[in-house]
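Undergrad: Contents of target_11.txt (compact mmCIF, C-alpha atoms) are given next:
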# COMPACT_ATOMS: atom_id res chain seq x y z
CA MET A 1 -13.27 38.04 -14.17
CA ILE A 2 -10.79 37.61 -11.30
CA GLU A 3 -13.35 35.68 -9.25
CA ASN A 4 -13.87 33.25 -12.11
CA PHE A 5 -10.13 32.77 -12.54
CA TRP A 6 -9.62 31.56 -8.96
CA GLY A 7 -12.75 29.45 -9.04
CA ASN A 8 -11.66 27.81 -12.26
CA ALA A 9 -8.14 27.28 -10.95
CA ILE A 10 -9.39 25.54 -7.83
CA TYR A 11 -11.96 23.56 -9.80
CA SER A 12 -9.27 22.29 -12.17
CA VAL A 13 -6.79 21.31 -9.44
CA VAL A 14 -9.15 19.54 -7.03
CA PRO A 15 -9.84 16.45 -9.23
CA THR A 16 -6.10 15.91 -9.72
CA ILE A 17 -5.47 16.09 -5.98
CA LEU A 18 -8.37 13.75 -5.20
CA LEU A 19 -7.24 11.24 -7.81
CA GLY A 20 -3.71 11.38 -6.38
CA LEU A 21 -5.04 10.70 -2.89
CA VAL A 22 -7.11 7.73 -4.10
CA PHE A 23 -4.07 6.31 -5.91
CA TRP A 24 -1.90 6.80 -2.80
CA MET A 25 -4.45 5.07 -0.55
CA LEU A 26 -4.81 2.18 -3.00
CA MET A 27 -1.05 1.63 -3.29
CA ARG A 28 -0.62 1.92 0.47
CA SER A 29 -3.26 -0.74 1.13
CA ILE A 30 -1.74 -3.08 -1.48
CA LEU A 31 1.75 -2.72 0.00
CA ARG A 32 0.49 -3.23 3.55
CA ALA A 33 -1.43 -6.34 2.53
CA ASP A 34 1.65 -7.73 0.79
CA ARG A 35 3.82 -7.06 3.84
CA THR A 36 1.31 -8.74 6.14
CA GLU A 37 0.95 -11.72 3.82
CA ARG A 38 4.73 -12.20 3.65
CA LYS A 39 4.98 -12.01 7.45
CA VAL A 40 2.26 -14.62 7.94
CA TYR A 41 3.77 -16.88 5.27
CA ALA A 42 7.20 -16.69 6.95
CA GLN A 43 5.59 -17.52 10.28
CA ILE A 44 3.81 -20.56 8.84
CA GLU A 45 6.99 -21.70 7.11
CA ALA A 46 8.98 -21.37 10.35
CA GLU A 47 6.37 -23.41 12.22
CA GLU A 48 6.45 -26.13 9.56
CA ARG A 49 10.25 -26.23 9.58
CA ALA A 50 10.24 -26.50 13.38
CA ARG A 51 7.64 -29.26 13.24
CA LEU A 52 9.69 -31.22 10.71
CA GLY A 53 12.97 -30.53 12.54
CA LEU A 54 14.60 -28.77 9.60
CA ASP A 55 17.19 -26.02 9.91
CA LYS A 56 16.29 -22.42 9.22
CA PRO A 57 16.81 -21.34 5.61
CA VAL A 58 19.93 -19.34 4.81
CA THR A 59 19.04 -15.73 4.06
Show how you would write the structure in this file as structure tokens.
TA:
Amino acid sequence: MIENFWGNAIYSVVPTILLGLVFWMLMRSILRADRTERKVYAQIEAEERARLGLDKPVT
């Protein structure tokens, strides 16, 4: 009976942990992609402003 208890406990916790890890990896990749996209967009905007001779935006 004790062997089944520990086996069942591990079997019931593992899917929750795996699902949490998948969620964490998904959110991490989304946030990294957003950060990279914002950086590239700011770079393009700075180049366009320099090309047109405009001042930098006030932040």
Undergrad: Please give the centre and size of the box around segment 1-18 of chain A (axis-aligned, containing every atom listed in the file, 4 Å added per side), with values in Å to one decimal and written as AutoDock Vina command-line options.
TA:
--center_x -9.7 --center_y 25.9 --center_z -9.7 --size_x 16.4 --size_y 32.3 --size_z 17.0
Undergrad: Between atom CA of Asp55 of chain A and atom CA of Ala42 of chain A, what is the distance in Å, rounded to a tenth?
TA: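 Pair atom CA of Asp55 of chain A / atom CA of Ala42 of chain A returns 14.0 Å.
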Undergrad: Please report the interatomic distance between atom CA of Ala9 of chain A and atom CA of Phe23 of chain A in Å with one decimal.
TA: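 Between atom CA of Ala9 of chain A and atom CA of Phe23 of chain A the gap works out to 21.9 Å.
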Undergrad: For atom CA of Arg35 of chain A and atom CA of Val22 of chain A, determine how far apart the two atoms are, in Å to one decimal place.
TA: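 Between atom CA of Arg35 of chain A and atom CA of Val22 of chain A the gap is 20.0 Å.
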Undergrad: Could you complete segment 41-53 of chain A so that it carries N, CA and C atoms, and give it back as an mmCIF file, in the coordinates of the input?
TA:
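For reference, rebuild20.cif as written:
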data_model
loop_
_atom_site.group_PDB
_atom_site.id
_atom_site.type_symbol
_atom_site.label_atom_id
_atom_site.label_comp_id
_atom_site.auth_asym_id
_atom_site.auth_seq_id
_atom_site.Cartn_x
_atom_site.Cartn_y
_atom_site.Cartn_z
ATOM 1 N N TYR A 41 3.196 -15.744 5.989
ATOM 2 C CA TYR A 41 3.770 -16.880 5.270
ATOM 3 C C TYR A 41 5.084 -17.316 5.907
ATOM 4 N N ALA A 42 5.932 -16.362 6.294
ATOM 5 C CA ALA A 42 7.200 -16.690 6.950
ATOM 6 C C ALA A 42 6.954 -17.369 8.287
ATOM 7 N N GLN A 43 5.941 -16.920 8.998
ATOM 8 C CA GLN A 43 5.590 -17.520 10.280
ATOM 9 C C GLN A 43 5.130 -18.970 10.091
ATOM 10 N N ILE A 44 4.288 -19.198 9.119
ATOM 11 C CA ILE A 44 3.810 -20.560 8.840
ATOM 12 C C ILE A 44 4.969 -21.443 8.419
ATOM 13 N N GLU A 45 5.844 -20.914 7.563
ATOM 14 C CA GLU A 45 6.990 -21.700 7.110
ATOM 15 C C GLU A 45 7.911 -22.041 8.275
ATOM 16 N N ALA A 46 8.128 -21.102 9.190
ATOM 17 C CA ALA A 46 8.980 -21.370 10.350
ATOM 18 C C ALA A 46 8.355 -22.448 11.239
ATOM 19 N N GLU A 47 7.047 -22.393 11.414
ATOM 20 C CA GLU A 47 6.370 -23.410 12.220
ATOM 21 C C GLU A 47 6.490 -24.787 11.569
ATOM 22 N N GLU A 48 6.332 -24.849 10.264
ATOM 23 C CA GLU A 48 6.450 -26.130 9.560
ATOM 24 C C GLU A 48 7.876 -26.669 9.631
ATOM 25 N N ARG A 49 8.853 -25.793 9.484
ATOM 26 C CA ARG A 49 10.250 -26.230 9.580
ATOM 27 C C ARG A 49 10.552 -26.745 10.987
ATOM 28 N N ALA A 50 10.019 -26.063 12.004
ATOM 29 C CA ALA A 50 10.240 -26.500 13.380
ATOM 30 C C ALA A 50 9.558 -27.846 13.621
ATOM 31 N N ARG A 51 8.374 -28.013 13.061
ATOM 32 C CA ARG A 51 7.640 -29.260 13.240
ATOM 33 C C ARG A 51 8.363 -30.423 12.575
ATOM 34 N N LEU A 52 8.978 -30.167 11.422
ATOM 35 C CA LEU A 52 9.690 -31.220 10.710
ATOM 36 C C LEU A 52 11.142 -31.370 11.177
ATOM 37 N N GLY A 53 11.608 -30.462 12.023
ATOM 38 C CA GLY A 53 12.970 -30.530 12.540
ATOM 39 C C GLY A 53 14.016 -30.099 11.536
#
